[in-house]
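Trainee: Sharing final.cif here; it has mmCIF, C-alpha atoms.
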```cif
data_protein
#
loop_
_atom_site.label_atom_id
_atom_site.label_comp_id
_atom_site.auth_asym_id
_atom_site.auth_seq_id
_atom_site.Cartn_x
_atom_site.Cartn_y
_atom_site.Cartn_z
CA MET A 1 197.56 22.27 86.84
CA ARG A 2 197.89 25.78 85.38
CA ASN A 3 199.85 24.52 82.37
CA ALA A 4 197.34 21.73 81.86
CA LEU A 5 194.47 24.24 81.89
CA ARG A 6 196.34 26.57 79.50
CA THR A 7 197.07 23.66 77.16
CA ALA A 8 193.44 22.51 77.26
CA VAL A 9 192.05 26.00 76.55
CA VAL A 10 194.50 26.66 73.73
CA GLY A 11 193.92 23.20 72.29
CA ALA A 12 190.18 23.79 72.26
CA VAL A 13 190.56 27.17 70.54
CA VAL A 14 192.97 25.79 67.95
CA SER A 15 190.78 22.75 67.29
CA GLY A 16 187.68 24.90 66.95
CA THR A 17 189.45 27.29 64.62
CA VAL A 18 190.86 24.53 62.43
CA LEU A 19 187.55 22.68 62.26
CA THR A 20 185.50 25.78 61.44
CA GLY A 21 187.94 27.23 58.92
CA GLY A 22 188.09 29.93 60.75
CA SER A 23 210.20 45.90 60.66
CA ALA A 24 210.20 49.10 62.68
CA GLY A 25 206.73 50.32 63.38
CA ALA A 26 205.04 53.65 63.51
CA THR A 27 203.96 53.09 67.13
CA PRO A 28 206.04 50.28 68.62
CA PRO A 29 205.17 48.65 71.95
CA GLY A 30 206.13 50.59 75.06
CA PRO A 31 209.33 50.00 77.04
CA GLY A 32 209.48 46.66 78.81
CA VAL A 33 206.77 44.96 76.73
CA THR A 34 207.96 41.40 76.14
CA ALA A 35 206.76 38.33 74.26
CA ARG A 36 207.68 34.70 74.85
CA LEU A 37 206.94 32.00 72.28
CA ILE A 38 205.03 29.08 73.81
CA SER A 39 204.06 27.07 70.74
CA GLN A 40 203.96 27.33 66.96
CA THR A 41 202.61 25.09 64.22
CA THR A 42 201.55 25.41 60.60
CA VAL A 43 198.56 23.61 59.13
CA GLY A 44 198.23 24.08 55.39
CA ASP A 45 198.78 27.77 54.73
CA THR A 46 197.89 28.92 58.26
CA ASP A 47 200.26 29.58 61.17
CA TYR A 48 198.99 28.98 64.73
CA VAL A 49 201.25 30.72 67.23
CA LEU A 50 200.80 30.93 70.99
CA ARG A 51 202.75 33.65 72.79
CA GLU A 52 202.80 35.04 76.30
CA ILE A 53 202.80 38.85 76.22
CA THR A 54 203.73 40.91 79.28
CA VAL A 55 202.90 44.63 79.40
CA PRO A 56 204.26 46.65 82.35
CA PRO A 57 202.01 49.17 84.12
CA GLY A 58 201.51 52.33 82.07
CA GLN A 59 202.67 50.73 78.80
CA SER A 60 200.90 49.59 75.63
CA THR A 61 201.14 47.32 72.62
CA GLY A 62 201.34 50.27 70.24
CA TRP A 63 198.77 50.85 67.49
CA HIS A 64 198.49 47.86 65.16
CA TYR A 65 196.29 45.29 63.43
CA HIS A 66 196.73 41.60 62.64
CA ASP A 67 196.48 39.81 59.29
CA GLY A 68 194.16 37.21 60.85
CA PRO A 69 192.09 36.65 63.99
CA VAL A 70 193.75 36.76 67.39
CA TYR A 71 192.44 35.28 70.63
CA GLY A 72 193.69 36.42 74.04
CA PHE A 73 193.35 35.15 77.60
CA VAL A 74 194.19 37.49 80.49
CA GLN A 75 196.41 35.57 82.93
CA LYS A 76 197.18 38.54 85.21
CA GLY A 77 196.28 42.20 85.40
CA THR A 78 193.81 44.14 83.28
CA LEU A 79 193.82 44.85 79.53
CA THR A 80 192.15 48.08 78.40
CA HIS A 81 191.42 47.93 74.66
CA TYR A 82 190.81 50.84 72.27
CA HIS A 83 189.93 51.02 68.57
CA SER A 84 191.01 53.65 66.05
CA ASP A 85 188.04 55.92 66.87
CA CYS A 86 189.78 56.41 70.27
CA ALA A 87 186.82 54.86 72.09
CA GLN A 88 187.48 52.25 74.73
CA ASP A 89 185.85 49.04 73.51
CA GLY A 90 186.59 46.78 76.45
CA VAL A 91 188.23 46.22 79.81
CA TYR A 92 189.38 42.63 80.28
CA ARG A 93 190.35 41.42 83.73
CA LYS A 94 192.14 38.25 84.88
CA GLY A 95 190.35 35.20 83.47
CA SER A 96 188.72 37.12 80.59
CA THR A 97 189.05 36.37 76.91
CA VAL A 98 189.27 38.82 74.04
CA ARG A 99 188.98 38.30 70.27
CA GLU A 100 190.36 40.58 67.59
CA ALA A 101 188.95 40.05 64.11
CA GLY A 102 192.05 41.04 62.16
CA GLY A 103 192.59 43.06 59.00
CA PRO A 104 193.38 46.74 58.43
CA SER A 105 189.84 47.75 59.44
CA ASP A 106 190.57 46.45 62.98
CA VAL A 107 193.26 48.93 64.11
CA HIS A 108 193.57 48.89 67.89
CA ILE A 109 195.82 49.28 70.92
CA GLY A 110 196.01 47.32 74.17
CA ARG A 111 197.00 49.29 77.26
CA ASN A 112 197.91 48.38 80.81
CA GLU A 113 196.33 51.21 82.77
CA GLY A 114 196.67 49.32 86.06
CA SER A 115 199.42 49.18 88.67
CA ALA A 116 200.42 45.51 88.14
CA PRO A 117 201.92 43.77 85.10
CA LEU A 118 199.47 42.58 82.44
CA VAL A 119 200.14 39.02 81.23
CA LEU A 120 198.25 37.65 78.22
CA ASP A 121 198.27 34.30 76.45
CA VAL A 122 197.69 35.17 72.80
CA LEU A 123 196.83 32.78 69.98
CA TYR A 124 197.53 34.18 66.50
CA VAL A 125 195.81 32.53 63.50
CA LEU A 126 197.66 34.03 60.57
CA PRO A 127 198.44 33.41 56.92
CA HIS A 128 201.68 31.44 56.72
CA GLY A 129 204.66 33.76 57.16
CA ALA A 130 202.64 36.83 58.18
CA PRO A 131 204.05 39.05 60.95
CA PHE A 132 202.39 38.92 64.37
CA SER A 133 201.13 42.46 63.84
CA GLU A 134 201.26 45.36 61.42
CA ASP A 135 202.22 48.63 63.13
CA VAL A 136 200.27 51.77 62.22
CA PRO A 137 200.47 55.43 63.25
CA ASN A 138 198.43 56.76 66.15
CA PRO A 139 195.04 57.63 64.60
CA GLY A 140 194.96 60.85 66.62
CA CYS A 141 194.08 59.63 70.10
CA SER A 142 195.28 61.98 72.85
CA PHE A 143 196.18 59.23 75.34
CA GLU A 144 199.10 58.01 73.19
#
```
How does the structure come out when it is put into structure tokens?
Mentor:
Amino acid sequence: MRNALRTAVVGAVVSGTVLTGGSAGATPPGPGVTARLISQTTVGDTDYVLREITVPPGQSTGWHYHDGPVYGFVQKGTLTHYHSDCAQDGVYRKGSTVREAGGPSDVHIGRNEGSAPLVLDVLYVLPHGAPFSEDVPNPGCSFE
């Protein structure tokens, strides 16, 4: 049932996106952060990639941006999200969705500030061949 729900949600997001047109880094992910490829397809010049990201307690994604929009679904735990002005812009709990617009003006970090692992399903909608993310230096935030 869980896989069927995941497939249905991702299928709806991919369909909606398609129909509407829609190296070593400066701050790499923290220790123990893992990613598992679930699905990948290319339509025209756009890659659609679904990955499961796991972030251990106290760790982060590192500072980065994406070359296209990214859609996330919190399977387990809590995602705390910050932008480059160091302000927290959202706390996303189990069952929540998050959207990141993409582009170098959308520098951000995702942190697991909880005591349990954070597990996200993440759909990347990227130009064909683009990396999943572009690492950037810490913009000066004291929590990193």
Trainee: Pick out the closest residue to Asp121 in chain A from this set: A:Pro56, A:Pro104, A:Gly30, A:Gly72. Count all atoms listed in the file.
Mentor: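 Comparing A:Pro56, A:Pro104, A:Gly30, A:Gly72 against Asp121 in chain A, the winner is A:Gly72.
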Trainee: With the PyMOL selection byres ((chain A and resi 89) around 12) as the selection, what would be picked from this file? Answer as a list in words, please.
Mentor: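 Applying the PyMOL selection byres ((chain A and resi 89) around 12) to the structure shown produces Leu79, Thr80, His81, Tyr82, His83, Ser84, Asp85, Cys86, Ala87, Gln88, Gly90, Val91, Tyr92, Val98, Arg99, Glu100, Asp106, Val107, His108, Ile109, Gly110 and Arg111 of chain A.
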Trainee: To test your reading of the syntax: which residues would the PyMOL selection byres ((chain A and resi 34) around 6) return for the file shown? Reply as a short mmCIF file (atom, residue, chain, number, x, y, z; two decimals) with C-alpha atoms, in the coordinates of the input.
Mentor:
```cif
data_model
loop_
_atom_site.label_atom_id
_atom_site.label_comp_id
_atom_site.auth_asym_id
_atom_site.auth_seq_id
_atom_site.Cartn_x
_atom_site.Cartn_y
_atom_site.Cartn_z
CA VAL A 33 206.77 44.96 76.73
CA ALA A 35 206.76 38.33 74.26
CA ILE A 53 202.80 38.85 76.22
CA THR A 54 203.73 40.91 79.28
#
```
Trainee: Go through A:Gln75, A:Ser96, A:Pro28, A:Ala101 one by one, measure the shortest atom-to-atom distance of each to Tyr124 in chain A using only C-alpha atoms, and give the residue with the smallest value.
Mentor: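 Looking only at the distances to Tyr124 in chain A, the closest residue turns out to be A:Ala101.
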Trainee: Find the residue from A:Val70, A:Ala116, A:Val122, A:Ala130 that sits nearest to Ile38 in chain A; use all atoms listed in the file when measuring.
Mentor: A:Val122
Trainee: In Å, rounded to a single decimal, give me how far CA of Gly62 in chain A is from CA of Pro137 in chain A.
Mentor: 8.7 Å
Trainee: CA of Ser133 in chain A and CA of Val119 in chain A, how far apart in Å?
Mentor: 17.8 Å
Trainee: Near Phe132 in chain A, counting all atoms listed in the file, which residues have an atom at most 8 Å away, once you skip same-chain residues fewer than 6 positions from it, shown as a ChimeraX atom specification?
Mentor: /A:66-67,124,126
Trainee: Mind giving me the straight-line distance from CA of Lys76 in chain A to CA of Gly102 in chain A in Å, one decimal?
Mentor: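 Between these atoms lies a distance of 23.7 Å.
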Trainee: Please write a file for range 102-129 of chain A, taken from the block I just shared, that holds N, CA and C atoms and is laid out as a short mmCIF file (atom, residue, chain, number, x, y, z; two decimals), in the first residue's frame.
Mentor:
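part_21.cif, written as the output of this step:
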```cif
data_model
loop_
_atom_site.label_atom_id
_atom_site.label_comp_id
_atom_site.auth_asym_id
_atom_site.auth_seq_id
_atom_site.Cartn_x
_atom_site.Cartn_y
_atom_site.Cartn_z
N GLY A 102 14.54 26.30 -7.33
CA GLY A 102 15.72 26.05 -8.16
C GLY A 102 16.38 27.33 -8.62
N GLY A 103 17.63 27.19 -9.06
CA GLY A 103 18.42 28.32 -9.53
C GLY A 103 19.31 28.86 -8.45
N PRO A 104 20.35 29.60 -8.83
CA PRO A 104 21.33 30.11 -7.87
C PRO A 104 20.77 31.14 -6.89
N SER A 105 19.58 31.66 -7.14
CA SER A 105 18.98 32.58 -6.17
C SER A 105 18.23 31.82 -5.07
N ASP A 106 18.20 30.48 -5.16
CA ASP A 106 17.49 29.66 -4.17
C ASP A 106 18.48 28.79 -3.39
N VAL A 107 19.52 29.40 -2.83
CA VAL A 107 20.49 28.67 -2.01
C VAL A 107 19.84 28.33 -0.68
N HIS A 108 20.01 27.07 -0.25
CA HIS A 108 19.34 26.62 0.96
C HIS A 108 20.08 25.42 1.57
N ILE A 109 19.63 25.04 2.76
CA ILE A 109 20.13 23.85 3.44
C ILE A 109 18.95 23.17 4.13
N GLY A 110 18.95 21.85 4.11
CA GLY A 110 17.97 21.08 4.86
C GLY A 110 18.68 20.42 6.03
N ARG A 111 18.11 20.55 7.22
CA ARG A 111 18.73 20.00 8.43
C ARG A 111 17.78 19.06 9.15
N ASN A 112 18.36 18.05 9.76
CA ASN A 112 17.60 17.18 10.65
C ASN A 112 17.97 17.59 12.07
N GLU A 113 17.13 18.40 12.68
CA GLU A 113 17.39 18.88 14.03
C GLU A 113 16.68 18.02 15.07
N GLY A 114 16.08 16.91 14.62
CA GLY A 114 15.37 16.01 15.52
C GLY A 114 16.26 14.90 16.02
N SER A 115 15.62 13.94 16.70
CA SER A 115 16.36 12.82 17.30
C SER A 115 16.18 11.52 16.51
N ALA A 116 15.39 11.54 15.45
CA ALA A 116 15.14 10.36 14.62
C ALA A 116 15.62 10.65 13.19
N PRO A 117 15.92 9.61 12.42
CA PRO A 117 16.32 9.83 11.03
C PRO A 117 15.22 10.57 10.23
N LEU A 118 15.66 11.41 9.32
CA LEU A 118 14.78 12.11 8.39
C LEU A 118 14.84 11.36 7.07
N VAL A 119 13.69 10.96 6.54
CA VAL A 119 13.64 10.26 5.26
C VAL A 119 12.72 11.05 4.33
N LEU A 120 13.26 11.43 3.17
CA LEU A 120 12.54 12.23 2.18
C LEU A 120 12.46 11.48 0.86
N ASP A 121 11.32 11.57 0.18
CA ASP A 121 11.23 11.20 -1.23
C ASP A 121 11.37 12.51 -1.98
N VAL A 122 12.33 12.58 -2.89
CA VAL A 122 12.62 13.84 -3.58
C VAL A 122 12.55 13.63 -5.09
N LEU A 123 11.72 14.46 -5.74
CA LEU A 123 11.61 14.45 -7.19
C LEU A 123 12.36 15.65 -7.75
N TYR A 124 13.38 15.39 -8.56
CA TYR A 124 14.18 16.43 -9.21
C TYR A 124 13.68 16.58 -10.63
N VAL A 125 13.43 17.81 -11.07
CA VAL A 125 13.04 18.12 -12.45
C VAL A 125 14.13 19.03 -12.99
N LEU A 126 15.07 18.42 -13.71
CA LEU A 126 16.31 19.11 -14.05
C LEU A 126 16.59 19.09 -15.54
N PRO A 127 17.35 20.07 -16.02
CA PRO A 127 17.82 19.99 -17.41
C PRO A 127 18.60 18.68 -17.58
N HIS A 128 18.46 18.08 -18.74
CA HIS A 128 19.12 16.79 -18.99
C HIS A 128 20.61 16.86 -18.69
N GLY A 129 21.07 15.94 -17.85
CA GLY A 129 22.48 15.85 -17.51
C GLY A 129 22.93 16.73 -16.36
#
```
